file work_10.cif (mmCIF, C-alpha atoms and all ligand atoms)
data_data
#
loop_
_atom_site.group_PDB
_atom_site.id
_atom_site.type_symbol
_atom_site.label_atom_id
_atom_site.label_comp_id
_atom_site.auth_asym_id
_atom_site.auth_seq_id
_atom_site.Cartn_x
_atom_site.Cartn_y
_atom_site.Cartn_z
ATOM 1 C CA MET A 4 4.817 -16.623 11.951
ATOM 2 C CA LYS A 5 5.195 -12.930 11.083
ATOM 3 C CA ASN A 6 2.322 -10.559 11.874
ATOM 4 C CA LEU A 7 1.150 -8.099 9.252
ATOM 5 C CA VAL A 8 -1.059 -5.112 9.975
ATOM 6 C CA ILE A 9 -2.652 -3.734 6.793
ATOM 7 C CA LEU A 10 -3.952 -0.157 6.530
ATOM 8 C CA VAL A 11 -6.637 0.609 3.944
ATOM 9 C CA SER A 12 -8.862 3.481 2.811
ATOM 10 C CA GLY A 13 -10.488 2.083 -0.323
ATOM 11 C CA SER A 14 -11.691 -0.954 -2.172
ATOM 12 C CA GLY A 15 -8.838 -3.079 -0.848
ATOM 13 C CA THR A 16 -8.013 -5.092 -3.951
ATOM 14 C CA ASN A 17 -4.357 -5.004 -2.873
ATOM 15 C CA LEU A 18 -5.385 -6.242 0.584
ATOM 16 C CA GLN A 19 -7.228 -9.087 -1.148
ATOM 17 C CA ARG A 20 -4.139 -9.853 -3.208
ATOM 18 C CA ILE A 21 -2.042 -10.050 -0.013
ATOM 19 C CA ILE A 22 -4.576 -12.337 1.697
ATOM 20 C CA ASP A 23 -4.591 -14.607 -1.387
ATOM 21 C CA ALA A 24 -0.782 -14.554 -1.672
ATOM 22 C CA ILE A 25 -0.461 -15.726 1.934
ATOM 23 C CA ASP A 26 -3.027 -18.483 1.277
ATOM 24 C CA ASN A 27 -1.257 -19.727 -1.845
ATOM 25 C CA GLY A 28 2.259 -19.513 -0.391
ATOM 26 C CA GLU A 29 3.641 -16.618 -2.451
ATOM 27 C CA ILE A 30 4.156 -14.797 0.849
ATOM 28 C CA ARG A 31 5.593 -17.268 3.328
ATOM 29 C CA ASN A 32 5.444 -17.460 7.083
ATOM 30 C CA ALA A 33 2.948 -14.623 7.521
ATOM 31 C CA LYS A 34 -0.563 -13.810 8.633
ATOM 32 C CA VAL A 35 -2.705 -10.693 8.435
ATOM 33 C CA SER A 36 -3.322 -10.157 12.127
ATOM 34 C CA LEU A 37 -5.223 -6.889 11.823
ATOM 35 C CA VAL A 38 -6.745 -4.571 9.203
ATOM 36 C CA ILE A 39 -7.175 -0.912 10.087
ATOM 37 C CA ALA A 40 -9.206 1.537 7.991
ATOM 38 C CA ASP A 41 -9.353 5.319 8.350
ATOM 39 C CA ARG A 42 -12.889 5.461 6.888
ATOM 40 C CA GLU A 43 -15.746 3.151 5.976
ATOM 41 C CA CYS A 44 -14.547 1.279 2.899
ATOM 42 C CA TYR A 45 -14.811 -2.052 1.140
ATOM 43 C CA GLY A 46 -11.330 -2.988 2.390
ATOM 44 C CA LEU A 47 -12.841 -3.289 5.864
ATOM 45 C CA GLU A 48 -15.551 -5.628 4.512
ATOM 46 C CA ARG A 49 -12.883 -7.836 2.960
ATOM 47 C CA ALA A 50 -11.236 -8.200 6.374
ATOM 48 C CA LYS A 51 -14.608 -9.140 7.918
ATOM 49 C CA ASN A 52 -15.281 -11.648 5.114
ATOM 50 C CA HIS A 53 -12.001 -13.387 5.962
ATOM 51 C CA ASN A 54 -12.557 -13.235 9.733
ATOM 52 C CA ILE A 55 -9.556 -10.968 10.128
ATOM 53 C CA GLU A 56 -9.604 -8.675 13.138
ATOM 54 C CA ASN A 57 -10.429 -5.155 11.965
ATOM 55 C CA ILE A 58 -10.756 -1.649 13.370
ATOM 56 C CA LEU A 59 -12.029 1.645 12.015
ATOM 57 C CA ILE A 60 -10.122 4.668 13.327
ATOM 58 C CA PRO A 61 -11.730 7.779 11.825
ATOM 59 C CA ARG A 62 -9.268 9.936 9.898
ATOM 60 C CA GLY A 63 -8.361 13.323 11.345
ATOM 61 C CA LYS A 64 -5.717 14.964 13.448
ATOM 62 C CA ASN A 65 -5.636 12.309 16.183
ATOM 63 C CA PHE A 66 -5.385 9.425 13.750
ATOM 64 C CA SER A 67 -1.664 8.644 14.209
ATOM 65 C CA ASP A 68 -1.882 8.761 18.019
ATOM 66 C CA GLU A 69 -4.868 6.426 18.033
ATOM 67 C CA LEU A 70 -3.150 4.174 15.493
ATOM 68 C CA ALA A 71 -0.033 3.992 17.696
ATOM 69 C CA LYS A 72 -2.221 2.659 20.535
ATOM 70 C CA GLN A 73 -3.889 0.042 18.345
ATOM 71 C CA ILE A 74 -0.858 -1.491 16.609
ATOM 72 C CA PRO A 75 0.149 -4.644 18.519
ATOM 73 C CA GLN A 76 3.746 -4.566 19.749
ATOM 74 C CA ASN A 77 4.467 -7.912 18.083
ATOM 75 C CA THR A 78 3.734 -6.493 14.611
ATOM 76 C CA ASP A 79 6.474 -7.361 12.115
ATOM 77 C CA LEU A 80 5.300 -5.214 9.216
ATOM 78 C CA ILE A 81 2.749 -2.442 8.695
ATOM 79 C CA VAL A 82 1.544 -2.406 5.089
ATOM 80 C CA LEU A 83 -0.182 0.620 3.586
ATOM 81 C CA ALA A 84 -2.380 -0.810 0.830
ATOM 82 C CA GLY A 85 -4.299 2.065 -0.718
ATOM 83 C CA PHE A 86 -4.153 4.111 2.466
ATOM 84 C CA LEU A 87 -4.785 7.846 2.249
ATOM 85 C CA SER A 88 -4.014 9.430 5.643
ATOM 86 C CA ILE A 89 -0.575 10.923 6.231
ATOM 87 C CA LEU A 90 1.145 9.356 9.255
ATOM 88 C CA LYS A 91 2.850 11.616 11.796
ATOM 89 C CA PRO A 92 6.693 11.675 11.808
ATOM 90 C CA ALA A 93 6.835 10.243 15.363
ATOM 91 C CA PHE A 94 4.837 7.208 14.227
ATOM 92 C CA CYS A 95 7.018 6.706 11.132
ATOM 93 C CA GLU A 96 10.158 6.913 13.278
ATOM 94 C CA LYS A 97 8.903 4.488 15.905
ATOM 95 C CA TRP A 98 8.144 1.879 13.215
ATOM 96 C CA SER A 99 11.069 2.806 10.967
ATOM 97 C CA GLY A 100 12.002 -0.047 8.604
ATOM 98 C CA LYS A 101 8.732 -1.792 9.391
ATOM 99 C CA ILE A 102 6.247 0.269 7.352
ATOM 100 C CA ILE A 103 5.881 -0.071 3.598
ATOM 101 C CA ASN A 104 3.579 1.565 1.058
ATOM 102 C CA ILE A 105 2.546 0.934 -2.528
ATOM 103 C CA HIS A 106 2.473 3.963 -4.801
ATOM 104 C CA PRO A 107 0.797 3.960 -8.234
ATOM 105 C CA ALA A 108 3.693 5.536 -10.176
ATOM 106 C CA LEU A 109 7.428 5.294 -10.730
ATOM 107 C CA LEU A 110 8.812 7.156 -7.714
ATOM 108 C CA PRO A 111 10.550 9.546 -7.281
ATOM 109 C CA LYS A 112 8.389 10.883 -10.114
ATOM 110 C CA PHE A 113 4.725 11.682 -9.368
ATOM 111 C CA GLY A 114 4.966 11.360 -5.595
ATOM 112 C CA GLY A 115 4.412 13.685 -2.639
ATOM 113 C CA LYS A 116 1.474 15.582 -1.221
ATOM 114 C CA GLY A 117 -1.658 15.468 -3.378
ATOM 115 C CA MET A 118 -0.274 12.699 -5.583
ATOM 116 C CA TRP A 119 -2.753 9.912 -4.980
ATOM 117 C CA GLY A 120 -5.284 7.943 -7.015
ATOM 118 C CA HIS A 121 -6.507 9.592 -10.219
ATOM 119 C CA HIS A 122 -4.369 12.700 -9.562
ATOM 120 C CA VAL A 123 -1.279 10.599 -10.246
ATOM 121 C CA HIS A 124 -2.590 9.096 -13.490
ATOM 122 C CA ASN A 125 -3.909 12.471 -14.730
ATOM 123 C CA ALA A 126 -0.478 14.019 -14.107
ATOM 124 C CA VAL A 127 1.301 11.157 -15.876
ATOM 125 C CA ILE A 128 -0.857 11.536 -19.021
ATOM 126 C CA GLU A 129 -0.638 15.337 -18.856
ATOM 127 C CA ALA A 130 3.176 15.123 -18.756
ATOM 128 C CA LYS A 131 3.120 12.813 -21.817
ATOM 129 C CA GLU A 132 5.193 10.225 -19.955
ATOM 130 C CA LYS A 133 6.434 7.265 -21.985
ATOM 131 C CA GLU A 134 6.005 4.882 -19.080
ATOM 132 C CA SER A 135 4.362 4.477 -15.696
ATOM 133 C CA GLY A 136 4.265 1.689 -13.141
ATOM 134 C CA ALA A 137 4.127 1.002 -9.426
ATOM 135 C CA THR A 138 6.580 1.305 -6.550
ATOM 136 C CA VAL A 139 6.772 -0.411 -3.170
ATOM 137 C CA HIS A 140 8.856 1.628 -0.729
ATOM 138 C CA PHE A 141 9.606 2.066 2.963
ATOM 139 C CA VAL A 142 7.572 4.790 4.672
ATOM 140 C CA THR A 143 9.437 7.679 6.279
ATOM 141 C CA SER A 144 8.181 11.063 7.450
ATOM 142 C CA GLY A 145 8.823 12.526 3.949
ATOM 143 C CA ILE A 146 5.798 11.673 1.812
ATOM 144 C CA ASP A 147 6.702 8.971 -0.739
ATOM 145 C CA GLU A 148 10.429 9.528 -0.076
ATOM 146 C CA GLY A 149 11.517 6.301 1.653
ATOM 147 C CA GLU A 150 13.875 3.742 0.143
ATOM 148 C CA ILE A 151 12.484 1.855 -2.846
ATOM 149 C CA ILE A 152 12.046 -1.892 -2.346
ATOM 150 C CA LEU A 153 10.637 -2.856 -5.733
ATOM 151 C CA GLN A 154 9.413 -1.062 -8.826
ATOM 152 C CA LYS A 155 8.053 -2.213 -12.166
ATOM 153 C CA SER A 156 7.144 -0.201 -15.253
ATOM 154 C CA PHE A 157 5.078 -0.580 -18.420
ATOM 155 C CA ASP A 158 5.013 1.439 -21.656
ATOM 156 C CA ILE A 159 2.277 4.019 -22.127
ATOM 157 C CA THR A 160 0.706 3.946 -25.603
ATOM 158 C CA GLU A 161 -0.971 6.792 -27.515
ATOM 159 C CA ASP A 162 -4.394 5.342 -26.728
ATOM 160 C CA ASP A 163 -3.855 5.327 -22.971
ATOM 161 C CA THR A 164 -6.024 7.525 -20.770
ATOM 162 C CA PRO A 165 -5.774 8.086 -16.991
ATOM 163 C CA GLU A 166 -8.354 5.284 -16.622
ATOM 164 C CA THR A 167 -6.446 2.708 -18.690
ATOM 165 C CA VAL A 168 -3.193 3.673 -16.967
ATOM 166 C CA ALA A 169 -4.909 3.130 -13.599
ATOM 167 C CA GLU A 170 -5.963 -0.380 -14.660
ATOM 168 C CA LYS A 171 -2.478 -1.267 -15.895
ATOM 169 C CA VAL A 172 -0.895 0.087 -12.704
ATOM 170 C CA HIS A 173 -3.231 -2.053 -10.604
ATOM 171 C CA LEU A 174 -2.137 -5.201 -12.437
ATOM 172 C CA ILE A 175 1.508 -4.306 -11.794
ATOM 173 C CA GLU A 176 0.710 -3.692 -8.130
ATOM 174 C CA TYR A 177 -0.797 -7.167 -7.778
ATOM 175 C CA GLU A 178 2.393 -8.554 -9.295
ATOM 176 C CA ILE A 179 5.012 -6.722 -7.218
ATOM 177 C CA PHE A 180 3.334 -6.246 -3.820
ATOM 178 C CA PRO A 181 3.507 -9.899 -2.672
ATOM 179 C CA ILE A 182 7.101 -10.188 -3.919
ATOM 180 C CA ALA A 183 8.119 -7.036 -2.042
ATOM 181 C CA ILE A 184 6.363 -8.137 1.163
ATOM 182 C CA ASN A 185 7.985 -11.561 1.014
ATOM 183 C CA LYS A 186 11.358 -9.901 0.487
ATOM 184 C CA VAL A 187 11.043 -7.564 3.464
ATOM 185 C CA LEU A 188 9.536 -10.174 5.796
ATOM 186 C CA ASN A 189 11.629 -13.183 4.920
ATOM 187 C CA ASN A 190 14.758 -11.497 3.575
ATOM 188 C CA VAL A 191 14.302 -13.180 0.212
ATOM 189 C CA THR A 192 16.400 -11.728 -2.596
ATOM 190 C CA ILE A 193 14.456 -10.858 -5.749
HETATM 191 C C1 LIG B 201 -3.583 1.593 -5.431
HETATM 192 O O1 LIG B 201 -3.447 2.018 -6.760
HETATM 193 C C2 LIG B 201 -2.447 2.104 -4.591
HETATM 194 O O2 LIG B 201 -1.255 2.265 -5.284
HETATM 195 C C3 LIG B 201 -2.938 3.441 -4.172
HETATM 196 O O3 LIG B 201 -4.310 3.260 -3.964
HETATM 197 C C4 LIG B 201 -4.800 2.196 -4.779
HETATM 198 C C5 LIG B 201 -5.524 1.232 -3.877
HETATM 199 O O4 LIG B 201 -6.302 0.314 -4.560
HETATM 200 N N1 LIG B 201 -2.173 3.933 -3.072
HETATM 201 P P1 LIG B 201 -7.021 -0.862 -3.762
HETATM 202 O O5 LIG B 201 -7.811 -0.243 -2.628
HETATM 203 O O6 LIG B 201 -5.958 -1.793 -3.255
HETATM 204 O O7 LIG B 201 -7.914 -1.507 -4.755
#

call {"tool": "encode", "arguments": {"input": "work_10.cif", "output": "structure tokens"}}
result
Amino acid sequence: MKNLVILVSGSGTNLQRIIDAIDNGEIRNAKVSLVIADRECYGLERAKNHNIENILIPRGKNFSDELAKQIPQNTDLIVLAGFLSILKPAFCEKWSGKIINIHPALLPKFGGKGMWGHHVHNAVIEAKEKESGATVHFVTSGIDEGEIILQKSFDITEDDTPETVAEKVHLIEYEIFPIAINKVLNNVTI
């Protein structure tokens, strides 16, 4: 059984999707052993509701060092699921190849510092992009720069707003995140 540690900062709908995908067998041979939040958030409540071990480590400059102490050594994959703190390079290197993130756009476009949440969708609409989507990628010390594991796009229509794009991106995330996790954990080809 592979151990997943999930990091959250927000409502945790992707965390919920992962929990459900393990329950229904879309992600095989895995359990969420720990949920860590960097602030009070509904993601933490979801962990409690499912009796999953959970910790709050307040965000700030010592976050990565505290996180390093709390991650069990037998962790197979660290999953950033709507997680907003930037992890220190030393942490990313120590867990290299074992940390993945979901980003609400088609990387390498619309990534990097400041590109999170509504900022991404505002920028996409502002740039009159023809498509957007979601990307699951490995985490390295360069923000949103690690190797892409899986990406899926959708067409943007004239009626789309940052809000409707956000909703469509979320649906794509729920589709690709379990597939990407299963691929990385169990070496399944997509
Ligand atoms: C997702 O859109 C994810 O791509 C981004 O933050 C959002 C998290 O949503 N990094 P939720 O907390 O999983 O509902």

call {"tool": "closest_residue", "arguments": {"input": "work_10.cif", "among": "A:Ala33, A:Ile175, A:Ile74, A:Ile184", "to": "A:His140", "atoms": "all atoms listed in the file"}}
result
A:Ile184

call {"tool": "residues_near_ligand", "arguments": {"input": "work_10.cif", "ligand": "ligand LIG 201 (chain B)", "cutoff": "10 Å", "atoms": "only C-alpha atoms and all ligand atoms", "output": "PDB file with C-alpha atoms, keeping the file's coordinate frame"}}
result
ATOM      1  CA  LEU A  10      -3.952  -0.157   6.530  1.00  0.00           C
ATOM      2  CA  VAL A  11      -6.637   0.609   3.944  1.00  0.00           C
ATOM      3  CA  SER A  12      -8.862   3.481   2.811  1.00  0.00           C
ATOM      4  CA  GLY A  13     -10.488   2.083  -0.323  1.00  0.00           C
ATOM      5  CA  SER A  14     -11.691  -0.954  -2.172  1.00  0.00           C
ATOM      6  CA  GLY A  15      -8.838  -3.079  -0.848  1.00  0.00           C
ATOM      7  CA  THR A  16      -8.013  -5.092  -3.951  1.00  0.00           C
ATOM      8  CA  ASN A  17      -4.357  -5.004  -2.873  1.00  0.00           C
ATOM      9  CA  LEU A  18      -5.385  -6.242   0.584  1.00  0.00           C
ATOM     10  CA  GLN A  19      -7.228  -9.087  -1.148  1.00  0.00           C
ATOM     11  CA  ARG A  20      -4.139  -9.853  -3.208  1.00  0.00           C
ATOM     12  CA  ILE A  21      -2.042 -10.050  -0.013  1.00  0.00           C
ATOM     13  CA  CYS A  44     -14.547   1.279   2.899  1.00  0.00           C
ATOM     14  CA  TYR A  45     -14.811  -2.052   1.140  1.00  0.00           C
ATOM     15  CA  GLY A  46     -11.330  -2.988   2.390  1.00  0.00           C
ATOM     16  CA  LEU A  83      -0.182   0.620   3.586  1.00  0.00           C
ATOM     17  CA  ALA A  84      -2.380  -0.810   0.830  1.00  0.00           C
ATOM     18  CA  GLY A  85      -4.299   2.065  -0.718  1.00  0.00           C
ATOM     19  CA  PHE A  86      -4.153   4.111   2.466  1.00  0.00           C
ATOM     20  CA  LEU A  87      -4.785   7.846   2.249  1.00  0.00           C
ATOM     21  CA  ASN A 104       3.579   1.565   1.058  1.00  0.00           C
ATOM     22  CA  ILE A 105       2.546   0.934  -2.528  1.00  0.00           C
ATOM     23  CA  HIS A 106       2.473   3.963  -4.801  1.00  0.00           C
ATOM     24  CA  PRO A 107       0.797   3.960  -8.234  1.00  0.00           C
ATOM     25  CA  ALA A 108       3.693   5.536 -10.176  1.00  0.00           C
ATOM     26  CA  MET A 118      -0.274  12.699  -5.583  1.00  0.00           C
ATOM     27  CA  TRP A 119      -2.753   9.912  -4.980  1.00  0.00           C
ATOM     28  CA  GLY A 120      -5.284   7.943  -7.015  1.00  0.00           C
ATOM     29  CA  HIS A 121      -6.507   9.592 -10.219  1.00  0.00           C
ATOM     30  CA  VAL A 123      -1.279  10.599 -10.246  1.00  0.00           C
ATOM     31  CA  HIS A 124      -2.590   9.096 -13.490  1.00  0.00           C
ATOM     32  CA  GLY A 136       4.265   1.689 -13.141  1.00  0.00           C
ATOM     33  CA  ALA A 137       4.127   1.002  -9.426  1.00  0.00           C
ATOM     34  CA  THR A 138       6.580   1.305  -6.550  1.00  0.00           C
ATOM     35  CA  VAL A 139       6.772  -0.411  -3.170  1.00  0.00           C
ATOM     36  CA  ALA A 169      -4.909   3.130 -13.599  1.00  0.00           C
ATOM     37  CA  GLU A 170      -5.963  -0.380 -14.660  1.00  0.00           C
ATOM     38  CA  LYS A 171      -2.478  -1.267 -15.895  1.00  0.00           C
ATOM     39  CA  VAL A 172      -0.895   0.087 -12.704  1.00  0.00           C
ATOM     40  CA  HIS A 173      -3.231  -2.053 -10.604  1.00  0.00           C
ATOM     41  CA  LEU A 174      -2.137  -5.201 -12.437  1.00  0.00           C
ATOM     42  CA  ILE A 175       1.508  -4.306 -11.794  1.00  0.00           C
ATOM     43  CA  GLU A 176       0.710  -3.692  -8.130  1.00  0.00           C
ATOM     44  CA  TYR A 177      -0.797  -7.167  -7.778  1.00  0.00           C
ATOM     45  CA  PHE A 180       3.334  -6.246  -3.820  1.00  0.00           C
TER      46      PHE A 180
END

call {"tool": "closest_residue", "arguments": {"input": "work_10.cif", "among": "A:Ile30, A:Met4, A:Ile128, A:Val142", "to": "A:Ala183", "atoms": "all atoms listed in the file"}}
result
A:Ile30

call {"tool": "closest_residue", "arguments": {"input": "work_10.cif", "among": "A:Pro61, A:Pro111, A:Pro75, A:Gly145", "to": "A:Ile89", "atoms": "only C-alpha atoms"}}
result
A:Gly145

call {"tool": "residues_near_point", "arguments": {"input": "work_10.cif", "point": "(13.7, 5.4, -0.9)", "cutoff": "9 Å", "atoms": "all atoms listed in the file", "output": "list in words"}}
result
Leu110, Pro111, His140, Phe141, Val142, Thr143, Asp147, Glu148, Gly149, Glu150, Ile151 and Ile152 of chain A

call {"tool": "closest_residue", "arguments": {"input": "work_10.cif", "among": "A:Glu29, A:Asp162, A:Asp79, A:Asp41", "to": "A:Asn185", "atoms": "all atoms listed in the file"}}
result
A:Glu29

call {"tool": "build_atoms", "arguments": {"input": "work_10.cif", "residues": "stretch 93-118 of chain A", "atoms": "N, CA and C atoms", "output": "tab-separated table (two decimals), keeping the file's coordinate frame"}}
result
chain	number	residue	atom	x	y	z
A	93	ALA	N	6.49	11.05	14.18
A	93	ALA	CA	6.84	10.24	15.36
A	93	ALA	C	6.43	8.78	15.15
A	94	PHE	N	5.29	8.57	14.50
A	94	PHE	CA	4.84	7.21	14.23
A	94	PHE	C	5.78	6.53	13.23
A	95	CYS	N	6.13	7.26	12.17
A	95	CYS	CA	7.02	6.71	11.13
A	95	CYS	C	8.37	6.35	11.74
A	96	GLU	N	8.85	7.19	12.67
A	96	GLU	CA	10.16	6.91	13.28
A	96	GLU	C	10.10	5.70	14.19
A	97	LYS	N	9.02	5.62	14.98
A	97	LYS	CA	8.90	4.49	15.90
A	97	LYS	C	8.92	3.15	15.13
A	98	TRP	N	8.27	3.13	13.98
A	98	TRP	CA	8.14	1.88	13.22
A	98	TRP	C	9.09	1.86	12.00
A	99	SER	N	10.13	2.68	12.08
A	99	SER	CA	11.07	2.81	10.97
A	99	SER	C	11.59	1.44	10.49
A	100	GLY	N	11.55	1.22	9.18
A	100	GLY	CA	12.00	-0.05	8.60
A	100	GLY	C	10.94	-1.13	8.65
A	101	LYS	N	9.81	-0.80	9.27
A	101	LYS	CA	8.73	-1.79	9.39
A	101	LYS	C	7.41	-1.28	8.83
A	102	ILE	N	7.47	-0.20	8.03
A	102	ILE	CA	6.25	0.27	7.35
A	102	ILE	C	6.58	0.38	5.87
A	103	ILE	N	5.71	-0.20	5.04
A	103	ILE	CA	5.88	-0.07	3.60
A	103	ILE	C	4.58	0.42	2.96
A	104	ASN	N	4.73	1.01	1.78
A	104	ASN	CA	3.58	1.56	1.06
A	104	ASN	C	3.67	1.17	-0.41
A	105	ILE	N	2.53	1.10	-1.07
A	105	ILE	CA	2.55	0.93	-2.53
A	105	ILE	C	2.06	2.23	-3.15
A	106	HIS	N	2.80	2.69	-4.15
A	106	HIS	CA	2.47	3.96	-4.80
A	106	HIS	C	2.24	3.71	-6.29
A	107	PRO	N	1.17	4.30	-6.85
A	107	PRO	CA	0.80	3.96	-8.23
A	107	PRO	C	1.56	4.73	-9.31
A	108	ALA	N	2.86	4.87	-9.17
A	108	ALA	CA	3.69	5.54	-10.18
A	108	ALA	C	5.15	5.14	-9.94
A	109	LEU	N	6.00	5.63	-10.83
A	109	LEU	CA	7.43	5.29	-10.73
A	109	LEU	C	8.13	6.37	-9.90
A	110	LEU	N	8.12	6.19	-8.58
A	110	LEU	CA	8.81	7.16	-7.71
A	110	LEU	C	10.29	7.19	-8.11
A	111	PRO	N	10.98	8.33	-7.98
A	111	PRO	CA	10.55	9.55	-7.28
A	111	PRO	C	9.64	10.46	-8.10
A	112	LYS	N	9.32	10.06	-9.34
A	112	LYS	CA	8.39	10.88	-10.11
A	112	LYS	C	6.96	10.69	-9.60
A	113	PHE	N	6.16	11.75	-9.68
A	113	PHE	CA	4.72	11.68	-9.37
A	113	PHE	C	4.43	11.18	-7.96
A	114	GLY	N	5.22	11.67	-7.00
A	114	GLY	CA	4.97	11.36	-5.60
A	114	GLY	C	4.77	12.65	-4.82
A	115	GLY	N	4.54	12.52	-3.53
A	115	GLY	CA	4.41	13.68	-2.64
A	115	GLY	C	2.97	14.06	-2.38
A	116	LYS	N	2.81	15.16	-1.66
A	116	LYS	CA	1.47	15.58	-1.22
A	116	LYS	C	0.53	15.78	-2.42
A	117	GLY	N	-0.66	15.29	-2.31
A	117	GLY	CA	-1.66	15.47	-3.38
A	117	GLY	C	-1.55	14.45	-4.50
A	118	MET	N	-0.46	13.70	-4.52
A	118	MET	CA	-0.27	12.70	-5.58
A	118	MET	C	-0.82	11.35	-5.14
